[in-house]
Each structure stands twice: as structure tokens, then as C-alpha cells.
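Here is the file coords07.cif (mmCIF, C-alpha atoms).
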```cif
data_start
#
loop_
_atom_site.group_PDB
_atom_site.id
_atom_site.type_symbol
_atom_site.label_atom_id
_atom_site.label_comp_id
_atom_site.auth_asym_id
_atom_site.auth_seq_id
_atom_site.Cartn_x
_atom_site.Cartn_y
_atom_site.Cartn_z
ATOM 1 C CA MET A 1 63.447 100.845 101.636
ATOM 2 C CA GLN A 2 65.434 99.102 98.918
ATOM 3 C CA TRP A 3 65.722 102.372 96.945
ATOM 4 C CA LEU A 4 67.207 104.013 100.063
ATOM 5 C CA ARG A 5 69.878 101.312 100.378
ATOM 6 C CA LYS A 6 70.823 101.704 96.702
ATOM 7 C CA ALA A 7 71.032 105.498 96.952
ATOM 8 C CA THR A 8 73.261 105.279 100.029
ATOM 9 C CA ALA A 9 75.508 102.623 98.489
ATOM 10 C CA SER A 10 76.142 104.699 95.377
ATOM 11 C CA LYS A 11 77.533 107.723 97.269
ATOM 12 C CA LYS A 12 81.291 108.219 97.060
ATOM 13 C CA ARG A 13 83.325 107.515 100.174
ATOM 14 C CA ARG A 14 86.166 109.991 100.286
ATOM 15 C CA ALA A 15 89.583 109.443 101.776
ATOM 16 C CA SER A 16 92.796 111.436 101.568
ATOM 17 C CA GLY A 17 96.396 110.998 102.529
ATOM 18 C CA VAL A 18 99.941 112.179 102.139
ATOM 19 C CA LEU A 19 103.002 110.819 100.387
ATOM 20 C CA PHE A 20 106.053 112.580 101.845
ATOM 21 C CA VAL A 21 109.039 112.624 99.481
ATOM 22 C CA ARG A 22 112.561 113.930 100.009
ATOM 23 C CA ASP A 23 115.955 114.151 98.358
ATOM 24 C CA HIS A 24 118.260 112.923 101.119
ATOM 25 C CA SER A 25 121.939 113.794 100.797
ATOM 26 C CA GLU A 26 123.061 110.247 101.678
ATOM 27 C CA HIS A 27 120.153 108.077 100.474
ATOM 28 C CA GLY A 28 118.881 109.908 97.390
ATOM 29 C CA GLN A 29 115.201 110.315 96.550
ATOM 30 C CA GLN A 30 112.907 108.625 99.067
ATOM 31 C CA MET A 31 109.272 108.400 100.099
ATOM 32 C CA LEU A 32 107.795 107.721 103.537
ATOM 33 C CA LEU A 33 105.516 104.674 103.755
ATOM 34 C CA GLY A 34 103.613 103.110 106.641
ATOM 35 C CA LYS A 35 103.016 99.367 107.069
ATOM 36 C CA ARG A 36 99.327 98.661 107.751
ATOM 37 C CA ASN A 37 98.660 96.809 111.005
ATOM 38 C CA GLY A 38 96.566 93.667 111.361
ATOM 39 C CA GLY A 39 92.853 94.405 111.526
ATOM 40 C CA MET A 40 93.203 97.423 109.227
ATOM 41 C CA THR A 41 92.101 97.630 105.590
ATOM 42 C CA ASP A 42 94.822 96.114 103.368
ATOM 43 C CA GLN A 43 96.690 94.826 106.425
ATOM 44 C CA GLY A 44 100.360 93.991 105.906
ATOM 45 C CA THR A 45 100.726 96.311 102.918
ATOM 46 C CA TRP A 46 102.751 99.504 102.732
ATOM 47 C CA ALA A 47 100.746 102.650 102.153
ATOM 48 C CA THR A 48 100.580 106.423 102.291
ATOM 49 C CA ILE A 49 99.505 107.997 105.571
ATOM 50 C CA GLY A 50 95.825 108.925 105.499
ATOM 51 C CA GLY A 51 92.247 107.894 106.066
ATOM 52 C CA PHE A 52 88.573 108.615 105.541
ATOM 53 C CA VAL A 53 87.359 112.186 105.307
ATOM 54 C CA PRO A 54 84.852 112.909 108.096
ATOM 55 C CA LYS A 55 81.284 113.517 106.982
ATOM 56 C CA GLY A 56 80.740 117.214 106.400
ATOM 57 C CA GLN A 57 84.421 118.071 105.945
ATOM 58 C CA LYS A 58 84.995 119.634 102.532
ATOM 59 C CA ASN A 59 88.763 120.187 102.473
ATOM 60 C CA LEU A 60 90.615 116.989 101.533
ATOM 61 C CA PHE A 61 94.035 118.503 102.286
ATOM 62 C CA THR A 62 93.044 119.523 105.820
ATOM 63 C CA SER A 63 91.707 116.018 106.385
ATOM 64 C CA ALA A 64 94.945 114.458 105.097
ATOM 65 C CA LEU A 65 97.094 116.576 107.441
ATOM 66 C CA ARG A 66 94.818 115.722 110.375
ATOM 67 C CA GLU A 67 95.337 112.024 109.595
ATOM 68 C CA VAL A 68 99.122 112.465 109.455
ATOM 69 C CA LYS A 69 99.187 114.181 112.839
ATOM 70 C CA GLU A 70 96.866 111.532 114.299
ATOM 71 C CA GLU A 71 98.870 108.595 112.911
ATOM 72 C CA LEU A 72 102.453 109.913 113.206
ATOM 73 C CA GLY A 73 102.278 112.496 115.991
ATOM 74 C CA SER A 74 103.515 115.391 113.843
ATOM 75 C CA TYR A 75 104.409 116.420 110.335
ATOM 76 C CA PRO A 76 107.429 118.291 108.997
ATOM 77 C CA LYS A 77 107.631 121.597 107.205
ATOM 78 C CA PHE A 78 106.608 120.791 103.634
ATOM 79 C CA LYS A 79 106.015 122.075 100.138
ATOM 80 C CA ILE A 80 103.071 120.805 98.061
ATOM 81 C CA LEU A 81 104.308 119.139 94.867
ATOM 82 C CA GLY A 82 101.090 117.673 93.478
ATOM 83 C CA ARG A 83 98.246 115.260 94.014
ATOM 84 C CA HIS A 84 96.887 112.010 92.634
ATOM 85 C CA GLN A 85 93.304 110.724 92.534
ATOM 86 C CA TYR A 86 92.572 106.987 92.821
ATOM 87 C CA GLU A 87 89.148 105.422 92.313
ATOM 88 C CA LYS A 88 89.166 101.958 93.894
ATOM 89 C CA PRO A 89 87.624 99.476 91.417
ATOM 90 C CA LYS A 90 84.259 97.908 92.308
ATOM 91 C CA THR A 91 83.813 100.221 95.307
ATOM 92 C CA SER A 92 82.629 103.746 95.975
ATOM 93 C CA LEU A 93 86.023 104.788 97.406
ATOM 94 C CA SER A 94 87.802 107.848 96.023
ATOM 95 C CA TYR A 95 91.288 108.417 97.519
ATOM 96 C CA THR A 96 93.268 111.629 96.999
ATOM 97 C CA THR A 97 97.002 111.531 97.739
ATOM 98 C CA PHE A 98 98.849 114.807 98.249
ATOM 99 C CA ILE A 99 102.531 114.586 97.346
ATOM 100 C CA LEU A 100 104.519 116.747 99.764
ATOM 101 C CA GLU A 101 108.215 117.512 99.819
ATOM 102 C CA CYS A 102 109.564 116.988 103.326
ATOM 103 C CA GLN A 103 111.768 120.026 103.943
ATOM 104 C CA ALA A 104 113.179 118.890 107.292
ATOM 105 C CA LYS A 105 116.283 116.859 106.418
ATOM 106 C CA ASN A 106 116.136 114.287 109.218
ATOM 107 C CA TRP A 107 112.449 114.386 110.203
ATOM 108 C CA LYS A 108 110.865 111.156 111.343
ATOM 109 C CA PRO A 109 107.520 110.337 112.963
ATOM 110 C CA ARG A 110 107.306 110.915 116.725
ATOM 111 C CA LYS A 111 104.862 108.087 117.363
ATOM 112 C CA LEU A 112 102.712 105.553 115.564
ATOM 113 C CA ASN A 113 99.089 104.955 116.351
ATOM 114 C CA HIS A 114 97.349 101.568 116.030
ATOM 115 C CA GLU A 115 97.063 101.801 112.230
ATOM 116 C CA HIS A 116 100.743 101.189 111.408
ATOM 117 C CA SER A 117 103.338 98.784 112.768
ATOM 118 C CA GLU A 118 106.227 100.805 111.297
ATOM 119 C CA THR A 119 107.209 103.564 108.898
ATOM 120 C CA ARG A 120 110.153 103.609 106.554
ATOM 121 C CA TRP A 121 111.832 105.987 104.106
ATOM 122 C CA VAL A 122 112.356 104.020 100.869
ATOM 123 C CA SER A 123 113.471 104.641 97.309
ATOM 124 C CA LEU A 124 111.099 104.043 94.398
ATOM 125 C CA GLU A 125 112.945 100.803 93.611
ATOM 126 C CA GLU A 126 112.624 99.616 97.227
ATOM 127 C CA ALA A 127 108.932 100.565 97.301
ATOM 128 C CA ARG A 128 108.209 98.473 94.212
ATOM 129 C CA LYS A 129 109.594 95.374 95.986
ATOM 130 C CA LEU A 130 107.221 95.815 98.953
ATOM 131 C CA PRO A 131 103.606 94.608 99.143
ATOM 132 C CA LEU A 132 101.868 97.915 98.384
ATOM 133 C CA GLN A 133 98.323 99.047 99.102
ATOM 134 C CA PRO A 134 96.486 98.948 95.721
ATOM 135 C CA GLY A 135 96.033 102.728 95.461
ATOM 136 C CA LEU A 136 99.721 103.402 96.113
ATOM 137 C CA LYS A 137 100.763 100.697 93.638
ATOM 138 C CA SER A 138 98.482 102.233 91.021
ATOM 139 C CA MET A 139 99.929 105.700 91.634
ATOM 140 C CA LEU A 140 103.551 104.513 91.433
ATOM 141 C CA ASP A 141 102.816 102.451 88.297
ATOM 142 C CA LEU A 142 101.267 105.517 86.689
ATOM 143 C CA MET A 143 103.643 108.228 87.921
ATOM 144 C CA GLY A 144 106.882 106.349 88.618
ATOM 145 C CA ASP A 145 109.734 108.699 89.408
ATOM 146 C CA LYS A 146 107.543 111.694 88.489
ATOM 147 C CA VAL A 147 106.547 111.775 92.182
ATOM 148 C CA PHE A 148 110.029 113.269 92.672
ATOM 149 C CA ASN A 149 109.945 115.649 89.648
ATOM 150 C CA LYS A 150 109.770 118.931 91.544
ATOM 151 C CA LEU A 151 112.392 118.094 94.195
#
```
So that I can check it, write out the structure of this file as C-alpha cells.
Amino acid sequence: MQWLRKATASKKRRASGVLFVRDHSEHGQQMLLGKRNGGMTDQGTWATIGGFVPKGQKNLFTSALREVKEELGSYPKFKILGRHQYEKPKTSLSYTTFILECQAKNWKPRKLNHEHSETRWVSLEEARKLPLQPGLKSMLDLMGDKVFNKL
């Protein structure tokens, strides 16, 4: 039975999410972040909107959009700008973030589920001052303002 435990533990756990970005006429380039609620993984940190990919689901993008709708109530019209892959150190977690341009000027979430206490549109500079979920911090450290390149 020990070999079974080891084989199961070594399988990748997949998760996917979305980083909405926009170029707002009054506030400049911004990204939408959600603050993780107590009891959630990385509670109290700011993160992308997303979650685990259900077993058997192959399409990471479909899973990410399902998570957005589940957590925020809706999503705006968007354009895909890119994606980023994060492998969480010392775990089997692989997280794919899809970077999407929000094309609805004043869109905001309709509701929040239990996973987030709030959402906020922030600039890159503002985001760097917040306690960020490790995967998001890694992505912003690596990509910086390139998340806005195609806006």
C-alpha cells in the first residue's frame, strides 16, 4: 500500500485562474485581485480568481472561467492576452493563470462567494504593496508590467 500512496502523491494537482487587466481612462493600467477569506488557502492574501480543475476536466481555460463565474457571479467581455504557469515549490500544484483584457470599461463583480472578502482594481505598484498569494507574486516579479503589454 505504501507504493500506492507514493504514486498518488506524485500526481500533479492542477488549478487555473484569471487575471483581468484593463487600461482605465481615469486610473490607468489596473488588474483585478480578490482578497482570500479566512479558512481558505493563503488566507488574507490577494490573488487571481480561480481554483482547482475538477478531475477529468481537460480544458484549463474552461475551468478558469467556471471559477470566475462561481466566485464573482459573472465575467466581462474579454480578450485573451496570454498565460503564465506557476509550479508551487515543494508541492504537486501546477497553477495556470490566463491574462485577460477586460473590455467592459466599468465592469465589476456582481457578487462574491465565500472564497473572497473583497475584490479591487489595482495598479501594478499598488499590487506590489499588498500581501500577495505566492503564485501571483512570482508572476508579477517575473512579468512586471508585461502583463499589460498587449493593452
So which one's closest to Lys108 of chain A, A:Ser74, A:Ser138, A:Thr96, A:Gln85? Using all atoms listed in the file, please. A:Ser74
Give as a PDB file with C-alpha atoms, in the coordinates of the input every residue, naming chains and numbers as the document does, that has an atom within 12 Å of (103.1, 114.4, 100.2), counting all atoms listed in the file.
```pdb
ATOM      1  CA  SER A  16      92.796 111.436 101.568  1.00  0.00           C
ATOM      2  CA  GLY A  17      96.396 110.998 102.529  1.00  0.00           C
ATOM      3  CA  VAL A  18      99.941 112.179 102.139  1.00  0.00           C
ATOM      4  CA  LEU A  19     103.002 110.819 100.387  1.00  0.00           C
ATOM      5  CA  PHE A  20     106.053 112.580 101.845  1.00  0.00           C
ATOM      6  CA  VAL A  21     109.039 112.624  99.481  1.00  0.00           C
ATOM      7  CA  ARG A  22     112.561 113.930 100.009  1.00  0.00           C
ATOM      8  CA  GLN A  30     112.907 108.625  99.067  1.00  0.00           C
ATOM      9  CA  MET A  31     109.272 108.400 100.099  1.00  0.00           C
ATOM     10  CA  LEU A  32     107.795 107.721 103.537  1.00  0.00           C
ATOM     11  CA  LEU A  33     105.516 104.674 103.755  1.00  0.00           C
ATOM     12  CA  THR A  48     100.580 106.423 102.291  1.00  0.00           C
ATOM     13  CA  ILE A  49      99.505 107.997 105.571  1.00  0.00           C
ATOM     14  CA  GLY A  50      95.825 108.925 105.499  1.00  0.00           C
ATOM     15  CA  PHE A  61      94.035 118.503 102.286  1.00  0.00           C
ATOM     16  CA  ALA A  64      94.945 114.458 105.097  1.00  0.00           C
ATOM     17  CA  LEU A  65      97.094 116.576 107.441  1.00  0.00           C
ATOM     18  CA  VAL A  68      99.122 112.465 109.455  1.00  0.00           C
ATOM     19  CA  TYR A  75     104.409 116.420 110.335  1.00  0.00           C
ATOM     20  CA  PRO A  76     107.429 118.291 108.997  1.00  0.00           C
ATOM     21  CA  LYS A  77     107.631 121.597 107.205  1.00  0.00           C
ATOM     22  CA  PHE A  78     106.608 120.791 103.634  1.00  0.00           C
ATOM     23  CA  LYS A  79     106.015 122.075 100.138  1.00  0.00           C
ATOM     24  CA  ILE A  80     103.071 120.805  98.061  1.00  0.00           C
ATOM     25  CA  LEU A  81     104.308 119.139  94.867  1.00  0.00           C
ATOM     26  CA  GLY A  82     101.090 117.673  93.478  1.00  0.00           C
ATOM     27  CA  ARG A  83      98.246 115.260  94.014  1.00  0.00           C
ATOM     28  CA  HIS A  84      96.887 112.010  92.634  1.00  0.00           C
ATOM     29  CA  THR A  96      93.268 111.629  96.999  1.00  0.00           C
ATOM     30  CA  THR A  97      97.002 111.531  97.739  1.00  0.00           C
ATOM     31  CA  PHE A  98      98.849 114.807  98.249  1.00  0.00           C
ATOM     32  CA  ILE A  99     102.531 114.586  97.346  1.00  0.00           C
ATOM     33  CA  LEU A 100     104.519 116.747  99.764  1.00  0.00           C
ATOM     34  CA  GLU A 101     108.215 117.512  99.819  1.00  0.00           C
ATOM     35  CA  CYS A 102     109.564 116.988 103.326  1.00  0.00           C
ATOM     36  CA  GLN A 103     111.768 120.026 103.943  1.00  0.00           C
ATOM     37  CA  VAL A 147     106.547 111.775  92.182  1.00  0.00           C
ATOM     38  CA  PHE A 148     110.029 113.269  92.672  1.00  0.00           C
ATOM     39  CA  LYS A 150     109.770 118.931  91.544  1.00  0.00           C
ATOM     40  CA  LEU A 151     112.392 118.094  94.195  1.00  0.00           C
TER      41      LEU A 151
END
```
So how far away is atom CA of Leu140 of chain A from atom CA of Tyr95 of chain A, in Å?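 Atom CA of Leu140 of chain A lies 14.2 Å from atom CA of Tyr95 of chain A.
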Could you give me, as a ChimeraX atom specification, the residues that sit within 8 Å of (100.9, 97.7, 109.7) in the file's coordinates, counting all atoms listed in the file? /A:34-38,40,43-46,115-118
Do you have the atom CA of Trp107 of chain A-atom CA of Gly39 of chain A distance handy?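 About the pair atom CA of Trp107 of chain A and atom CA of Gly39 of chain A: they are 28.0 Å apart.
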Skip Lys58 of chain A itself and residues of its chain fewer than 5 positions away, then list as number ranges by chain all residues within 10 Å of it, counting only C-alpha atoms. A: 14, 53, 63
Point-to-point distance from atom CA of Lys12 of chain A to atom CA of Ser92 of chain A, Å rounded to tenths: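 Between these atoms lies a distance of 4.8 Å.
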Tell me which of A:Leu72, A:Lys88, A:Thr62, A:Asp23 sits closest to Gly135 of chain A, counting only C-alpha atoms.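 Using only C-alpha atoms, the shortest distance to Gly135 of chain A belongs to A:Lys88.
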Residue among A:Asn113, A:Asn106, A:Thr119, A:Gln57 lying closest to His24 of chain A, counting all atoms listed in the file: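 Ranked by minimum distance to His24 of chain A, first place goes to A:Asn106.
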Using all atoms of segment 46-61 of chain A that appear in the file, construct an axis-aligned enclosing box with 8 Å of padding on every side and provide its centre coordinates and edge lengths in Å, rounded to one decimal, as JSON.
```
{"center_x": 91.7, "center_y": 109.8, "center_z": 104.8, "size_x": 38.0, "size_y": 36.7, "size_z": 22.6}
```
For Pro109 of chain A, the nearest of the candidates A:Glu71, A:Asp141, A:Glu126, A:Glu87, counting only C-alpha atoms: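 Among the listed residues, the smallest separation from Pro109 of chain A belongs to A:Glu71.
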Between A:Lys55, A:Ala47, A:Tyr86, A:Ala104, single out the one closest to Leu130 of chain A, counting all atoms listed in the file. A:Ala47
For a quick check of understanding, using only C-alpha atoms, which of A:Lys137, A:Lys11, A:Lys105, A:Lys69 has the smallest distance to Gln29 of chain A?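 Checking each candidate against Gln29 of chain A, we get A:Lys105 as the closest.
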Incomplete segment 89-107 of chain A brought to N, CA and C atoms, written out as a tab-separated table (two decimals), in the frame of the given file:
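Ended up saving to selection-v4.tsv:
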```
chain	number	residue	atom	x	y	z
A	89	PRO	N	88.56	100.24	92.24
A	89	PRO	CA	87.62	99.48	91.42
A	89	PRO	C	86.58	98.72	92.24
A	90	LYS	N	85.38	98.66	91.73
A	90	LYS	CA	84.26	97.91	92.31
A	90	LYS	C	83.86	98.38	93.70
A	91	THR	N	84.22	99.63	94.02
A	91	THR	CA	83.81	100.22	95.31
A	91	THR	C	83.40	101.67	95.05
A	92	SER	N	82.96	102.32	96.09
A	92	SER	CA	82.63	103.75	95.98
A	92	SER	C	83.73	104.62	96.56
A	93	LEU	N	84.93	104.05	96.77
A	93	LEU	CA	86.02	104.79	97.41
A	93	LEU	C	86.80	105.65	96.41
A	94	SER	N	86.97	106.90	96.77
A	94	SER	CA	87.80	107.85	96.02
A	94	SER	C	88.89	108.33	96.98
A	95	TYR	N	90.17	108.09	96.63
A	95	TYR	CA	91.29	108.42	97.52
A	95	TYR	C	92.18	109.45	96.84
A	96	THR	N	92.40	110.57	97.51
A	96	THR	CA	93.27	111.63	97.00
A	96	THR	C	94.56	111.63	97.80
A	97	THR	N	95.69	111.49	97.10
A	97	THR	CA	97.00	111.53	97.74
A	97	THR	C	97.67	112.86	97.40
A	98	PHE	N	98.10	113.57	98.43
A	98	PHE	CA	98.85	114.81	98.25
A	98	PHE	C	100.33	114.47	98.36
A	99	ILE	N	101.10	114.85	97.35
A	99	ILE	CA	102.53	114.59	97.35
A	99	ILE	C	103.21	115.82	97.91
A	100	LEU	N	103.91	115.63	99.04
A	100	LEU	CA	104.52	116.75	99.76
A	100	LEU	C	106.02	116.54	99.90
A	101	GLU	N	106.78	117.58	99.60
A	101	GLU	CA	108.22	117.51	99.82
A	101	GLU	C	108.50	117.78	101.29
A	102	CYS	N	109.15	116.83	101.93
A	102	CYS	CA	109.56	116.99	103.33
A	102	CYS	C	110.79	117.89	103.33
A	103	GLN	N	110.68	119.06	103.97
A	103	GLN	CA	111.77	120.03	103.94
A	103	GLN	C	112.65	119.98	105.19
A	104	ALA	N	112.34	119.08	106.11
A	104	ALA	CA	113.18	118.89	107.29
A	104	ALA	C	114.06	117.67	107.03
A	105	LYS	N	115.35	117.89	106.88
A	105	LYS	CA	116.28	116.86	106.42
A	105	LYS	C	116.17	115.52	107.15
A	106	ASN	N	116.13	115.54	108.45
A	106	ASN	CA	116.14	114.29	109.22
A	106	ASN	C	114.84	114.04	109.98
A	107	TRP	N	113.72	114.58	109.51
A	107	TRP	CA	112.45	114.39	110.20
A	107	TRP	C	112.03	112.93	110.18
```
